[in-house]
Every structure is written in C-alpha cells, then in structure tokens.
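As stored in entry14.txt (compact mmCIF, C-alpha atoms and all ligand atoms):
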```
# COMPACT_ATOMS: atom_id res chain seq x y z
CA GLU A 1 -1.37 71.57 -42.44
CA TYR A 2 -3.53 72.52 -39.42
CA GLY A 3 -2.13 76.03 -39.29
CA ILE A 4 0.31 74.98 -36.59
CA VAL A 5 2.89 77.73 -36.19
CA ARG A 6 5.42 78.65 -33.54
CA PRO A 7 3.67 80.61 -30.80
CA LYS A 8 4.72 84.29 -30.62
CA GLY A 9 6.90 85.22 -27.67
CA LEU A 10 6.92 81.71 -26.24
CA THR A 11 9.36 78.89 -26.78
CA VAL A 12 8.20 75.34 -26.19
CA SER A 13 10.74 72.52 -26.17
CA TYR A 14 10.03 68.80 -26.52
CA HIS A 15 12.49 66.33 -25.01
CA ALA A 16 12.37 62.66 -25.93
CA THR A 17 14.31 59.70 -27.23
CA SER A 18 12.78 56.80 -29.10
CA ASP A 19 15.35 54.50 -27.41
CA MET A 20 13.21 54.58 -24.27
CA GLU A 21 10.15 53.21 -26.00
CA LYS A 22 11.54 49.81 -26.89
CA HIS A 23 11.98 48.69 -23.26
CA HIS A 24 9.62 46.21 -21.66
CA PHE A 25 8.73 45.73 -18.00
CA GLY A 26 7.27 42.32 -18.87
CA GLN A 27 4.17 40.98 -20.62
CA THR A 28 1.71 41.42 -17.77
CA HIS A 29 3.17 44.61 -16.30
CA PRO A 30 0.84 47.61 -16.75
CA MET A 31 3.65 50.11 -17.52
CA LYS A 32 4.11 50.16 -21.30
CA PRO A 33 6.90 52.48 -22.51
CA TRP A 34 5.37 52.01 -25.96
CA ARG A 35 2.71 54.59 -24.98
CA LEU A 36 5.43 57.16 -25.70
CA THR A 37 5.56 55.96 -29.31
CA LEU A 38 1.83 56.40 -29.59
CA THR A 39 2.06 59.88 -28.07
CA LYS A 40 4.81 60.94 -30.47
CA SER A 41 2.79 59.54 -33.34
CA LEU A 42 -0.19 61.80 -32.54
CA VAL A 43 1.93 64.86 -31.80
CA THR A 44 3.64 64.43 -35.16
CA SER A 45 0.56 63.66 -37.23
CA TYR A 46 -1.01 66.90 -36.00
CA GLY A 47 2.14 68.77 -37.10
CA MET A 48 3.01 70.00 -33.63
CA PRO A 49 6.80 69.55 -33.96
CA PHE A 50 6.79 72.59 -36.31
CA ALA A 51 5.82 74.78 -33.38
CA MET A 52 8.46 73.52 -30.94
CA ASP A 53 12.18 73.00 -30.49
CA ASN A 54 12.62 69.24 -30.61
CA TYR A 55 15.52 67.69 -28.75
CA HIS A 56 16.73 64.13 -28.91
CA THR A 57 17.92 63.57 -25.35
CA ARG A 58 21.01 61.87 -24.09
CA PRO A 59 20.97 59.55 -21.10
CA ALA A 60 21.68 61.15 -17.71
CA THR A 61 25.16 60.39 -16.35
CA TYR A 62 25.90 58.47 -13.16
CA GLN A 63 26.99 61.76 -11.52
CA GLU A 64 23.73 63.42 -12.45
CA LEU A 65 21.70 60.55 -10.98
CA ASN A 66 23.90 60.77 -7.88
CA SER A 67 22.70 64.34 -7.18
CA PHE A 68 19.70 62.65 -5.52
CA HIS A 69 20.22 58.87 -5.48
CA SER A 70 22.79 57.07 -3.32
CA LYS A 71 25.81 55.36 -4.86
CA ASP A 72 24.92 52.04 -3.23
CA TYR A 73 21.58 52.08 -4.98
CA LEU A 74 22.90 53.29 -8.34
CA ASP A 75 25.68 50.70 -8.34
CA TYR A 76 23.18 47.93 -7.79
CA LEU A 77 20.84 49.35 -10.42
CA ALA A 78 23.68 49.54 -12.93
CA THR A 79 24.79 45.95 -12.46
CA ALA A 80 21.57 44.07 -11.66
CA ALA A 81 20.65 41.78 -14.53
CA PRO A 82 17.34 40.26 -15.55
CA GLU A 83 18.80 36.94 -14.39
CA ASP A 84 18.71 38.38 -10.85
CA GLN A 85 14.93 38.76 -11.14
CA PRO A 86 13.55 36.56 -8.36
CA ARG A 87 11.28 33.65 -9.27
CA ASP A 88 8.62 34.51 -6.72
CA ALA A 89 7.67 37.10 -4.11
CA ASP A 90 9.28 35.18 -1.22
CA GLN A 91 12.58 35.06 -2.99
CA ALA A 92 12.28 38.74 -3.86
CA GLU A 93 11.88 39.64 -0.23
CA ARG A 94 14.88 37.56 0.84
CA GLU A 95 17.35 38.33 -1.87
CA THR A 96 16.87 41.59 -3.75
CA PRO A 97 17.73 44.85 -2.05
CA PHE A 98 16.39 48.36 -2.70
CA ASN A 99 12.89 47.03 -3.45
CA LEU A 100 14.15 45.92 -6.85
CA GLY A 101 13.06 42.75 -8.56
CA GLY A 102 9.56 42.55 -7.12
CA SER A 103 6.55 42.53 -9.41
CA ASP A 104 6.09 46.34 -9.28
CA CYS A 105 9.74 47.13 -10.04
CA PRO A 106 11.09 44.17 -12.01
CA LEU A 107 14.65 43.84 -13.24
CA PHE A 108 14.47 43.85 -17.03
CA HIS A 109 16.94 43.98 -19.87
CA GLY A 110 18.29 47.52 -20.38
CA LEU A 111 16.79 48.80 -17.11
CA TYR A 112 19.67 51.17 -16.34
CA ASP A 113 19.56 52.63 -19.87
CA TYR A 114 15.83 53.12 -19.61
CA CYS A 115 16.19 54.92 -16.28
CA SER A 116 19.02 57.17 -17.41
CA MET A 117 17.10 58.12 -20.56
CA SER A 118 13.97 59.01 -18.60
CA ALA A 119 16.10 61.13 -16.25
CA GLY A 120 17.95 62.61 -19.25
CA THR A 121 14.73 63.97 -20.78
CA SER A 122 13.71 65.68 -17.54
CA LEU A 123 17.20 67.08 -16.87
CA ASP A 124 17.45 68.45 -20.41
CA ALA A 125 14.04 70.04 -19.94
CA ALA A 126 15.17 71.69 -16.69
CA ARG A 127 18.39 72.98 -18.27
CA LYS A 128 16.54 74.56 -21.20
CA ILE A 129 14.29 76.35 -18.71
CA CYS A 130 17.26 77.51 -16.62
CA ASN A 131 19.21 78.92 -19.53
CA LYS A 132 16.04 80.63 -20.81
CA GLN A 133 16.07 78.77 -24.09
CA SER A 134 12.62 77.41 -23.31
CA ASP A 135 9.51 78.69 -21.52
CA ILE A 136 7.62 75.40 -21.43
CA ALA A 137 9.69 72.22 -21.61
CA ILE A 138 7.98 68.88 -22.20
CA ALA A 139 9.35 65.56 -20.92
CA TRP A 140 6.68 62.89 -21.32
CA GLY A 141 9.30 60.18 -20.65
CA GLY A 142 9.74 61.45 -17.09
CA GLY A 143 7.41 61.95 -14.15
CA LEU A 144 8.43 58.89 -12.12
CA HIS A 145 7.39 60.33 -8.78
CA HIS A 146 7.64 57.33 -6.41
CA ALA A 147 11.39 56.62 -6.58
CA LYS A 148 13.33 57.31 -3.36
CA LYS A 149 16.98 58.14 -2.70
CA SER A 150 17.87 54.47 -2.18
CA GLU A 151 14.75 52.61 -3.23
CA ALA A 152 12.65 51.79 -6.24
CA SER A 153 8.89 52.01 -5.76
CA GLY A 154 5.70 51.74 -7.82
CA PHE A 155 7.22 51.26 -11.31
CA CYS A 156 9.72 54.10 -10.58
CA TYR A 157 13.48 53.55 -10.22
CA ILE A 158 14.98 57.01 -10.72
CA ASN A 159 13.17 60.13 -9.58
CA ASP A 160 13.73 62.31 -12.64
CA ILE A 161 11.41 64.99 -11.16
CA VAL A 162 13.57 65.46 -8.08
CA LEU A 163 16.66 65.70 -10.32
CA ALA A 164 14.96 68.32 -12.52
CA VAL A 165 13.65 70.36 -9.57
CA LEU A 166 17.14 70.35 -8.01
CA GLU A 167 18.38 71.77 -11.31
CA LEU A 168 15.67 74.48 -11.28
CA LEU A 169 16.63 75.39 -7.69
CA ARG A 170 20.09 76.44 -8.89
CA LEU A 171 18.41 79.43 -10.53
CA TYR A 172 14.88 79.83 -9.21
CA PRO A 173 14.23 80.73 -5.56
CA ARG A 174 10.95 78.80 -5.31
CA VAL A 175 9.56 75.88 -7.30
CA LEU A 176 5.94 74.71 -7.19
CA TYR A 177 5.49 70.99 -7.85
CA ILE A 178 2.00 69.88 -8.90
CA ASP A 179 1.02 66.24 -9.42
CA ILE A 180 -2.21 65.17 -11.18
CA ASP A 181 -1.30 61.47 -11.46
CA VAL A 182 -4.00 59.37 -9.73
CA HIS A 183 -1.33 58.20 -7.25
CA HIS A 184 0.24 60.25 -4.45
CA GLY A 185 3.54 61.90 -5.45
CA ASP A 186 5.26 60.56 -2.33
CA GLY A 187 8.86 60.44 -3.59
CA VAL A 188 8.94 64.09 -4.62
CA GLU A 189 7.13 65.21 -1.46
CA GLU A 190 9.59 63.33 0.73
CA ALA A 191 12.68 64.56 -1.11
CA PHE A 192 11.77 68.18 -0.40
CA HIS A 193 10.11 67.83 2.99
CA SER A 194 12.74 69.90 4.77
CA THR A 195 12.93 72.92 2.48
CA ASP A 196 10.61 75.89 2.09
CA ARG A 197 11.88 76.48 -1.45
CA VAL A 198 9.70 73.72 -2.89
CA MET A 199 6.00 73.38 -2.32
CA THR A 200 4.44 70.08 -3.40
CA VAL A 201 0.75 69.65 -4.22
CA SER A 202 -0.58 66.20 -5.14
CA PHE A 203 -4.14 65.34 -6.17
CA HIS A 204 -4.79 61.60 -5.89
CA LYS A 205 -7.07 58.76 -5.00
CA TYR A 206 -6.65 58.11 -1.28
CA ALA A 207 -7.59 54.86 0.40
CA PRO A 208 -4.73 53.93 2.74
CA GLU A 209 -5.52 50.22 2.99
CA THR A 210 -6.33 49.49 -0.60
CA PHE A 211 -4.74 51.99 -2.97
CA PHE A 212 -1.03 52.52 -3.63
CA PRO A 213 1.04 54.04 -2.01
CA GLY A 214 -1.36 54.65 0.90
CA THR A 215 0.09 58.03 1.93
CA GLY A 216 -1.06 61.59 1.17
CA GLY A 217 -3.93 62.22 3.60
CA LEU A 218 -5.33 65.73 4.02
CA ASP A 219 -3.39 66.20 7.27
CA ASP A 220 -0.06 65.11 5.82
CA ASN A 221 1.58 68.48 5.27
CA GLY A 222 5.23 67.68 5.84
CA PRO A 223 7.09 66.92 9.08
CA LYS A 224 5.68 69.38 11.65
CA SER A 225 8.49 70.82 13.68
CA GLU A 226 9.21 74.41 14.54
CA ARG A 227 12.71 74.00 13.22
CA ASN A 228 11.66 72.50 9.90
CA PRO A 229 11.34 75.26 7.29
CA GLY A 230 9.61 72.72 5.05
CA ALA A 231 6.70 72.21 7.45
CA HIS A 232 3.36 73.02 5.80
CA HIS A 233 4.94 72.96 2.36
CA ALA A 234 3.30 69.70 1.31
CA ILE A 235 -0.33 69.86 0.27
CA ASN A 236 -2.36 66.73 -0.32
CA VAL A 237 -5.75 66.53 -1.98
CA PRO A 238 -7.13 63.05 -1.19
CA LEU A 239 -10.02 62.07 -3.47
CA HIS A 240 -12.43 59.18 -3.93
CA ASP A 241 -13.41 57.19 -7.03
CA GLY A 242 -15.24 58.80 -9.91
CA ILE A 243 -14.36 62.50 -9.60
CA THR A 244 -15.63 64.48 -12.60
CA ASP A 245 -14.01 67.13 -14.84
CA GLU A 246 -16.13 69.90 -13.30
CA GLN A 247 -15.26 69.02 -9.70
CA TYR A 248 -11.59 68.41 -10.42
CA GLU A 249 -11.13 71.58 -12.44
CA SER A 250 -12.79 73.76 -9.85
CA LEU A 251 -10.75 72.16 -7.04
CA PHE A 252 -7.55 72.51 -9.06
CA LYS A 253 -8.05 76.19 -9.91
CA ASN A 254 -9.08 77.08 -6.39
CA ILE A 255 -6.13 75.32 -4.75
CA ILE A 256 -3.41 76.14 -7.25
CA GLY A 257 -4.67 79.74 -7.47
CA ALA A 258 -4.38 80.12 -3.68
CA VAL A 259 -0.98 78.38 -3.58
CA ASN A 260 0.30 80.65 -6.34
CA GLU A 261 -0.77 83.80 -4.44
CA ARG A 262 0.71 82.69 -1.17
CA PHE A 263 3.90 80.87 -2.27
CA ARG A 264 4.72 83.05 -5.32
CA PRO A 265 6.65 80.31 -7.17
CA SER A 266 9.29 81.30 -9.71
CA ALA A 267 8.83 78.10 -11.75
CA ILE A 268 6.36 75.21 -11.99
CA ALA A 269 7.01 71.48 -12.34
CA LEU A 270 3.77 69.76 -13.38
CA GLN A 271 3.51 65.97 -13.36
CA CYS A 272 0.76 65.01 -15.82
CA GLY A 273 0.22 61.34 -14.97
CA ALA A 274 -2.57 60.19 -17.30
CA ASP A 275 -3.86 57.41 -15.04
CA SER A 276 -6.30 59.97 -13.62
CA LEU A 277 -8.26 59.68 -16.89
CA ALA A 278 -11.52 57.76 -17.15
CA GLY A 279 -11.01 54.22 -18.37
CA ASP A 280 -7.45 53.88 -17.12
CA ARG A 281 -6.44 50.30 -16.31
CA LEU A 282 -5.27 51.26 -12.80
CA GLY A 283 -7.02 54.59 -12.18
CA ARG A 284 -10.41 55.26 -10.61
CA PHE A 285 -11.37 58.77 -11.73
CA ASN A 286 -13.84 60.00 -14.38
CA LEU A 287 -11.65 62.68 -15.95
CA ARG A 288 -11.86 63.28 -19.67
CA VAL A 289 -8.95 64.44 -21.78
CA GLN A 290 -10.42 67.97 -21.62
CA GLY A 291 -10.57 68.02 -17.80
CA HIS A 292 -7.01 66.73 -17.47
CA GLY A 293 -5.83 69.29 -20.04
CA ALA A 294 -7.62 72.13 -18.23
CA CYS A 295 -5.09 71.76 -15.41
CA VAL A 296 -2.23 72.26 -17.86
CA ARG A 297 -4.03 75.26 -19.42
CA TYR A 298 -4.53 76.85 -16.00
CA CYS A 299 -0.86 76.39 -15.06
CA LYS A 300 0.21 77.88 -18.38
CA SER A 301 -2.01 80.92 -17.70
CA LEU A 302 0.10 81.71 -14.63
CA GLY A 303 2.85 82.72 -17.05
CA LEU A 304 5.74 81.03 -15.23
CA PRO A 305 8.51 78.88 -16.69
CA MET A 306 7.21 75.34 -16.57
CA ILE A 307 8.22 71.71 -17.10
CA LEU A 308 5.54 69.18 -18.09
CA PHE A 309 6.40 65.64 -17.04
CA GLY A 310 4.65 62.40 -17.92
CA GLY A 311 4.03 59.80 -15.21
CA GLY A 312 1.45 57.05 -14.89
CA GLY A 313 -1.05 56.14 -17.59
CA TYR A 314 -2.03 52.54 -18.32
CA THR A 315 -4.46 52.72 -21.20
CA PRO A 316 -1.94 53.73 -23.89
CA ARG A 317 -4.43 55.22 -26.39
CA ASN A 318 -5.75 57.60 -23.73
CA VAL A 319 -2.27 58.48 -22.50
CA ALA A 320 -1.37 59.48 -26.05
CA ARG A 321 -4.56 61.53 -26.43
CA ALA A 322 -4.00 63.43 -23.19
CA TRP A 323 -0.33 64.17 -23.76
CA ALA A 324 -0.86 65.17 -27.40
CA HIS A 325 -3.72 67.47 -26.34
CA GLU A 326 -1.52 68.94 -23.60
CA THR A 327 1.32 69.47 -26.06
CA SER A 328 -1.16 71.42 -28.21
CA ILE A 329 -2.13 73.52 -25.17
CA ALA A 330 1.54 74.30 -24.50
CA ILE A 331 2.02 75.62 -28.04
CA GLY A 332 -1.40 77.33 -28.03
CA ALA A 333 -2.78 75.20 -30.86
CA ASP A 334 -5.49 73.35 -28.92
CA LYS A 335 -8.26 75.35 -30.57
CA ASN A 336 -6.77 74.80 -34.08
CA ILE A 337 -6.37 71.05 -34.32
CA PRO A 338 -9.26 68.88 -35.48
CA GLU A 339 -10.88 66.58 -32.98
CA ILE A 340 -10.84 63.67 -35.42
CA ILE A 341 -7.49 61.90 -35.39
CA PRO A 342 -5.72 62.47 -38.74
CA GLU A 343 -6.03 59.66 -41.30
CA HIS A 344 -2.27 59.44 -41.74
CA THR A 345 -1.54 58.87 -38.02
CA PRO A 346 0.71 55.83 -37.55
CA TRP A 347 -1.01 53.19 -35.33
CA ARG A 348 -4.32 54.97 -35.94
CA GLU A 349 -6.15 51.64 -35.53
CA HIS A 350 -5.25 51.76 -31.82
CA PHE A 351 -7.41 54.83 -31.32
CA ILE A 352 -10.79 53.14 -31.20
CA HIS A 353 -13.35 55.98 -31.43
CA ASP A 354 -11.23 58.09 -33.77
CA THR A 355 -11.58 61.26 -31.71
CA LEU A 356 -9.07 63.04 -29.49
CA PHE A 357 -11.87 63.48 -26.94
CA PRO A 358 -13.77 60.26 -26.25
CA SER A 359 -16.85 60.55 -24.06
CA LEU A 360 -17.00 58.81 -20.67
CA GLU A 361 -19.19 56.13 -22.22
CA GLN A 362 -16.61 55.57 -24.96
CA SER A 363 -13.76 55.42 -22.41
CA MET A 364 -15.24 52.77 -20.16
CA GLN A 365 -17.68 49.89 -20.21
CA GLU A 366 -19.67 51.25 -17.32
CA VAL A 367 -19.31 54.80 -15.99
CA ARG A 368 -17.84 54.72 -12.50
CA HIS A 369 -19.97 56.02 -9.62
CA ASN A 370 -18.79 59.40 -8.31
CA ARG A 371 -18.02 59.07 -4.58
CA ASN A 372 -16.87 62.67 -4.03
CA THR A 373 -19.52 64.76 -2.29
CA GLU A 374 -19.59 68.54 -2.66
CA LYS A 375 -19.34 68.83 1.12
CA ARG A 376 -16.14 66.80 1.22
CA LEU A 377 -14.58 68.87 -1.56
CA ARG A 378 -15.48 72.08 0.31
CA ASP A 379 -13.83 70.70 3.46
CA ILE A 380 -10.67 69.95 1.49
CA VAL A 381 -10.56 73.51 0.14
CA THR A 382 -11.05 74.92 3.65
CA HIS A 383 -8.24 72.78 5.04
CA VAL A 384 -5.86 73.83 2.27
CA HIS A 385 -6.60 77.52 2.78
CA GLU A 386 -5.95 77.12 6.52
CA GLN A 387 -2.69 75.31 5.76
CA LEU A 388 -1.58 78.11 3.47
CA ARG A 389 -1.74 80.64 6.31
CA PHE A 390 1.40 78.99 7.68
CA VAL A 391 3.21 79.62 4.40
CA SER A 392 4.94 82.94 4.00
CA ILE A 393 7.72 84.14 1.75
O1 LIG B 1 1.50 55.69 -11.91
O2 LIG B 1 1.44 45.28 -10.21
O3 LIG B 1 -0.23 48.04 -5.13
C1 LIG B 1 3.73 56.48 -11.63
C2 LIG B 1 2.55 55.73 -11.01
O4 LIG B 1 2.12 56.52 -9.93
C3 LIG B 1 0.96 47.88 -5.39
N1 LIG B 1 1.53 48.44 -6.41
C4 LIG B 1 1.83 46.98 -4.55
C5 LIG B 1 1.97 47.19 -3.13
C6 LIG B 1 1.76 45.68 -3.01
N2 LIG B 1 1.25 45.73 -4.29
C7 LIG B 1 1.04 44.69 -5.22
C8 LIG B 1 2.12 44.31 -6.14
C9 LIG B 1 1.57 44.14 -7.54
C10 LIG B 1 2.65 44.07 -8.54
C11 LIG B 1 2.22 44.18 -9.97
C12 LIG B 1 0.38 45.21 -11.04
C13 LIG B 1 0.27 44.24 -12.01
C14 LIG B 1 -0.82 44.18 -12.82
C15 LIG B 1 -1.82 45.11 -12.65
C16 LIG B 1 -1.71 46.09 -11.68
C17 LIG B 1 -0.60 46.14 -10.87
C18 LIG B 1 -0.52 47.20 -9.86
N3 LIG B 1 0.49 47.52 -9.05
C19 LIG B 1 -1.52 48.10 -9.60
N4 LIG B 1 -1.12 48.94 -8.63
C20 LIG B 1 0.10 48.60 -8.32
C21 LIG B 1 0.88 49.33 -7.31
C22 LIG B 1 1.90 50.27 -7.91
C23 LIG B 1 1.30 51.41 -8.64
C24 LIG B 1 2.37 52.31 -9.22
C25 LIG B 1 1.84 53.55 -9.89
C26 LIG B 1 2.93 54.32 -10.57
C27 LIG B 1 4.38 55.86 -12.79
CA CA B 2 -1.04 62.79 -7.74
ZN ZN B 3 -0.01 56.77 -11.10
```
Structure rendered as structure tokens:
Amino acid sequence: EYGIVRPKGLTVSYHATSDMEKHHFGQTHPMKPWRLTLTKSLVTSYGMPFAMDNYHTRPATYQELNSFHSKDYLDYLATAAPEDQPRDADQAERETPFNLGGSDCPLFHGLYDYCSMSAGTSLDAARKICNKQSDIAIAWGGGLHHAKKSEASGFCYINDIVLAVLELLRLYPRVLYIDIDVHHGDGVEEAFHSTDRVMTVSFHKYAPETFFPGTGGLDDNGPKSERNPGAHHAINVPLHDGITDEQYESLFKNIIGAVNERFRPSAIALQCGADSLAGDRLGRFNLRVQGHGACVRYCKSLGLPMILFGGGGYTPRNVARAWAHETSIAIGADKNIPEIIPEHTPWREHFIHDTLFPSLEQSMQEVRHNRNTEKRLRDIVTHVHEQLRFVSI
C-alpha cells in the first residue's frame, strides 16, 4: 500500500512472539510488555512485514540460558512463584535471593516463560545473522541489559543481549555493542569486561546518587590491569538531562565512527532502549523519534551484520513510534511511509497526536531544560578518543 517492498540485496528479519505481550509486571510497574503489541500494530499497519522475513520465536531452552546464567539462579527463577513475592521491602531483603521479588524485579505469573521468550527472540536473531540468512535482525522483545549471571536487576532477569553476543562470537571475531537506552548497559559491559573481542559503548544519563544504576562514568573503561585484554574496551558516555537530537546525533556519529575505525567490528549489537525519548515516564532526555532513529540509520550505514534489540521505554505510544520508525529504517522504507499514522491501525486511539513524529511540545507537558553544555560534550569526545588509542586489533 505504501510501496513497501523487500530491500534489494539486504535481508531483514523480525523476531517476535505475541505470547510475551500478555505478561504483567504488576499494575504500578512501569515496564509494560503490551508496548510490543502496540509496536507490532504500527509495523503491520504500515505494511512493513512484506519487506521482511517474519519469525515467530520459540522460548530459549534452559541450556541456552545457562550459557551465561548460573544454574542456581535459573533453578530459582524457574520455580519461584508469585506467591513467593514478598509483602514489603524488608521481607524482600530477608527472604528472596538473587535480587528477585523486590519492586524492580517482581515475581509474577509466567515470569520464566516471559524471560525465555525474550531470550528466544534475541537468540533467534543472532542465529539468523550467523548463518547469513539475515543482514539486520530485529528483536524488540529483547534488550534487557541489566541482568547479571546470578542476579536480576532493573526490570531485567535474563540478559538476552549477552546470550546473543556469545552466539555472534562463535562466528565473528569482534562484536561492537552499542546501547542508547537512557540507563547504563551495566550487565553487558560487565559480562564482557575481560575480553577484547567485545567493545561496549553506552550512552546514558549519569547521576550516581540519584539515577539507576549509578555506574558508567567517563573514566569507567573496564578493569584496568596489564593482564586484562578487555581493559579499555568499555566506553561510557555519561550525559545530563535534556540532551537534544542535534547534540546526541553528533556525539553518536563522532564516537561510533571513531570506534568503528579503531576496533573494526565484524558485527554490531545495538540496544535501542526507547526511554531516551522525550516524554518517557522514566527518562530525562529530549530526543525525538527522528534523533533516536538517526543512531540506527548511522549504524546501518556501516554495512555490518547487525541485531537491533529493544530495551527500556515507558511511554508505550512513543516506544511503538520509535521501534516502528527504526524497523522502517532497517528495511529502507523510512522515506516512503506517511508521517500520519494509518487510519486502520489497531489501537490508533492510543497515539494521541496522530503522527509518527510528535514534536517536543507534543511529547511532554513542559520541555525539559538541557543541562548538557557544548564544552562538556567536547570533553567527552576528547576522553573517548584518548581511550581509543589503547585499543588495537
Ligand atoms: O530501561 O520502580 O531506582 C532496561 C532499563 O534500563 C531503582 N530502580 C531502584 C534502586 C532502588 N530503586 C527503587 C526501587 C523502585 C522500584 C519500582 C519504579 C516504580 C514506579 C516508577 C518508577 C520505578 C523505577 N525504578 C524507576 N527507576 C527504577 C530503577 C530501575 C530502572 C530500570 C531500567 C531498566 C529495561
Ligand atoms: Ca545506555
Ligand atoms: Zn532504560
């Protein structure tokens, strides 16, 4: 209908399962798996599935999860029931192990299924890339970057990104991980801190005392030891409230361009957390859908095999806009699709301001003050370039 056709010489695959979307973290919890329904609804109403290979994913197996997570942790995750959910924070601290059952990572009905489906989408994406059946693989149900080997953290229980990158490392010598979620990608950074085959770059809001998870300062570049090949292979871009499209895009291109030249990755894993958008319930930035998407477009232009993961995103209508727009960039249809959301889109009434690209004023009640000075951004760029001198292949 919108002239959406399969891109020439490029295969894009889309990995999802609607079984993930029906799970609930709880009424007041900001993570709403239903945002995936809204995303799929937009992607479909624009006709994008015609241009991609669409896969209904299977849940990851226990063995697959065990390639990163410990058995102790997985066994608890598999058997913990909502009834084990502590009544209050004190009880949580005393009784539930692995950081499970608190208010960030509650125990809810079907938790293990939800986790294995999220991991399944990312693993399927990685396998399609490895066997060359896909050039860009999309897994919006993944991107849960805070989970640790034996610990849940920040709404994340299973680190599907680590599992997928491990899969890529079977074939590709070097993988570049990029994270544009408003939070620091601490779980992925930590998982690969001792290898020089993975470079991690996270852009995030940084305020150690007040903003989760509190790590990811400019000087945090991986454990510094002469014997650690992974030293200097973590790059952090700590930002303040209110960063704009122009600043973010220029920072992103400068840093990722330099990393690409120096590290020469053979594949890219890009976490597209949509909580960095203006008007997000938890986020603090002033990015528009266009600015967020520009990062995806730039990564695509590098011409490497790539996985796009989801991640955070707490204003569901904006999450759906961003991920639908980014799906259109992957298939090269972003210039073809109309800005006005199609009349026949299911749940269309949720998209107040019926455009794919709301203005800052439309996204939030009051536009957030930009606390990022040009001087500070220049200092960040300088630091990153100095860091990169330690990286050689
Ligand atoms: O987007 O939480 O600040 C990837 C991702 O990066 C905290 N958690 C923890 C540390 C002590 N606190 C407070 C616990 C709060 C528990 C409930 C909320 C409930 C309602 C509204 C907001 C929150 C909340 N929780 C906001 N920020 C937090 C963070 C975790 C953020 C995870 C981001 C995950 C998916
Ligand atoms: Ca980030
Ligand atoms: Zn986040």
Proximity to Asn236 (chain A) - best of A:Pro265, A:Val381, A:Phe351, A:Pro358, all atoms listed in the file: A:Val381
Contacts of Ala51 (chain A) within 8 Å, only C-alpha atoms, excl. fewer than 5 positions in-chain, as a list in words: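 Those residues are Ile4, Val5, Arg6, Pro7, Val12 and Ile331 of chain A.
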Which of A:Ala274, A:Leu100, A:Cys115, A:Leu163 sits closest to ligand ZN 3 (chain B) [using only C-alpha atoms and all ligand atoms]: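 Of the candidates, the smallest distance to ligand ZN 3 (chain B) is held by A:Ala274.
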Residues near His23 (chain A), cut-off 9 Å, all atoms listed in the file, skip fewer than 4 positions along chain, as number ranges by chain: A: 19, 32-34, 108-111, 114
Nearest residue to ligand LIG 1 (chain B) from the set A:Asp196, A:Glu261, A:Glu209, A:Asp275 (distances using only C-alpha atoms and all ligand atoms):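 Comparing A:Asp196, A:Glu261, A:Glu209, A:Asp275 against ligand LIG 1 (chain B), the winner is A:Asp275.
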Residues near Ser266 (chain A), cut-off 6 Å, all atoms listed in the file, skip fewer than 6 positions along chain, as a list in words: Tyr172, Arg174 and Val175 of chain A
File for region 68-79 of chain A (N, CA and C atoms), as a PDB file, in the first residue's frame:
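And here's result07.pdb as it stands now:
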```pdb
ATOM      1  N   PHE A  68      25.118 -18.267  29.862  1.00  0.00           N
ATOM      2  CA  PHE A  68      25.597 -17.113  30.639  1.00  0.00           C
ATOM      3  C   PHE A  68      25.186 -17.220  32.107  1.00  0.00           C
ATOM      4  N   HIS A  69      23.921 -17.549  32.362  1.00  0.00           N
ATOM      5  CA  HIS A  69      23.413 -17.522  33.736  1.00  0.00           C
ATOM      6  C   HIS A  69      23.749 -18.811  34.496  1.00  0.00           C
ATOM      7  N   SER A  70      23.888 -18.665  35.831  1.00  0.00           N
ATOM      8  CA  SER A  70      24.226 -19.817  36.663  1.00  0.00           C
ATOM      9  C   SER A  70      23.007 -20.711  36.876  1.00  0.00           C
ATOM     10  N   LYS A  71      23.263 -21.986  37.124  1.00  0.00           N
ATOM     11  CA  LYS A  71      22.172 -22.933  37.363  1.00  0.00           C
ATOM     12  C   LYS A  71      21.398 -22.588  38.626  1.00  0.00           C
ATOM     13  N   ASP A  72      22.113 -22.185  39.670  1.00  0.00           N
ATOM     14  CA  ASP A  72      21.449 -21.796  40.927  1.00  0.00           C
ATOM     15  C   ASP A  72      20.363 -20.753  40.660  1.00  0.00           C
ATOM     16  N   TYR A  73      20.775 -19.758  39.889  1.00  0.00           N
ATOM     17  CA  TYR A  73      19.859 -18.648  39.592  1.00  0.00           C
ATOM     18  C   TYR A  73      18.701 -19.119  38.712  1.00  0.00           C
ATOM     19  N   LEU A  74      19.017 -19.868  37.668  1.00  0.00           N
ATOM     20  CA  LEU A  74      17.968 -20.323  36.742  1.00  0.00           C
ATOM     21  C   LEU A  74      16.971 -21.238  37.450  1.00  0.00           C
ATOM     22  N   ASP A  75      17.490 -22.100  38.329  1.00  0.00           N
ATOM     23  CA  ASP A  75      16.598 -23.015  39.042  1.00  0.00           C
ATOM     24  C   ASP A  75      15.617 -22.239  39.920  1.00  0.00           C
ATOM     25  N   TYR A  76      16.125 -21.209  40.565  1.00  0.00           N
ATOM     26  CA  TYR A  76      15.231 -20.404  41.395  1.00  0.00           C
ATOM     27  C   TYR A  76      14.203 -19.664  40.539  1.00  0.00           C
ATOM     28  N   LEU A  77      14.694 -19.125  39.423  1.00  0.00           N
ATOM     29  CA  LEU A  77      13.826 -18.367  38.517  1.00  0.00           C
ATOM     30  C   LEU A  77      12.711 -19.266  37.965  1.00  0.00           C
ATOM     31  N   ALA A  78      13.067 -20.520  37.709  1.00  0.00           N
ATOM     32  CA  ALA A  78      12.107 -21.449  37.111  1.00  0.00           C
ATOM     33  C   ALA A  78      11.035 -21.892  38.099  1.00  0.00           C
ATOM     34  N   THR A  79      11.367 -21.864  39.386  1.00  0.00           N
ATOM     35  CA  THR A  79      10.421 -22.408  40.359  1.00  0.00           C
ATOM     36  C   THR A  79       9.742 -21.346  41.221  1.00  0.00           C
TER      37      THR A  79
END
```
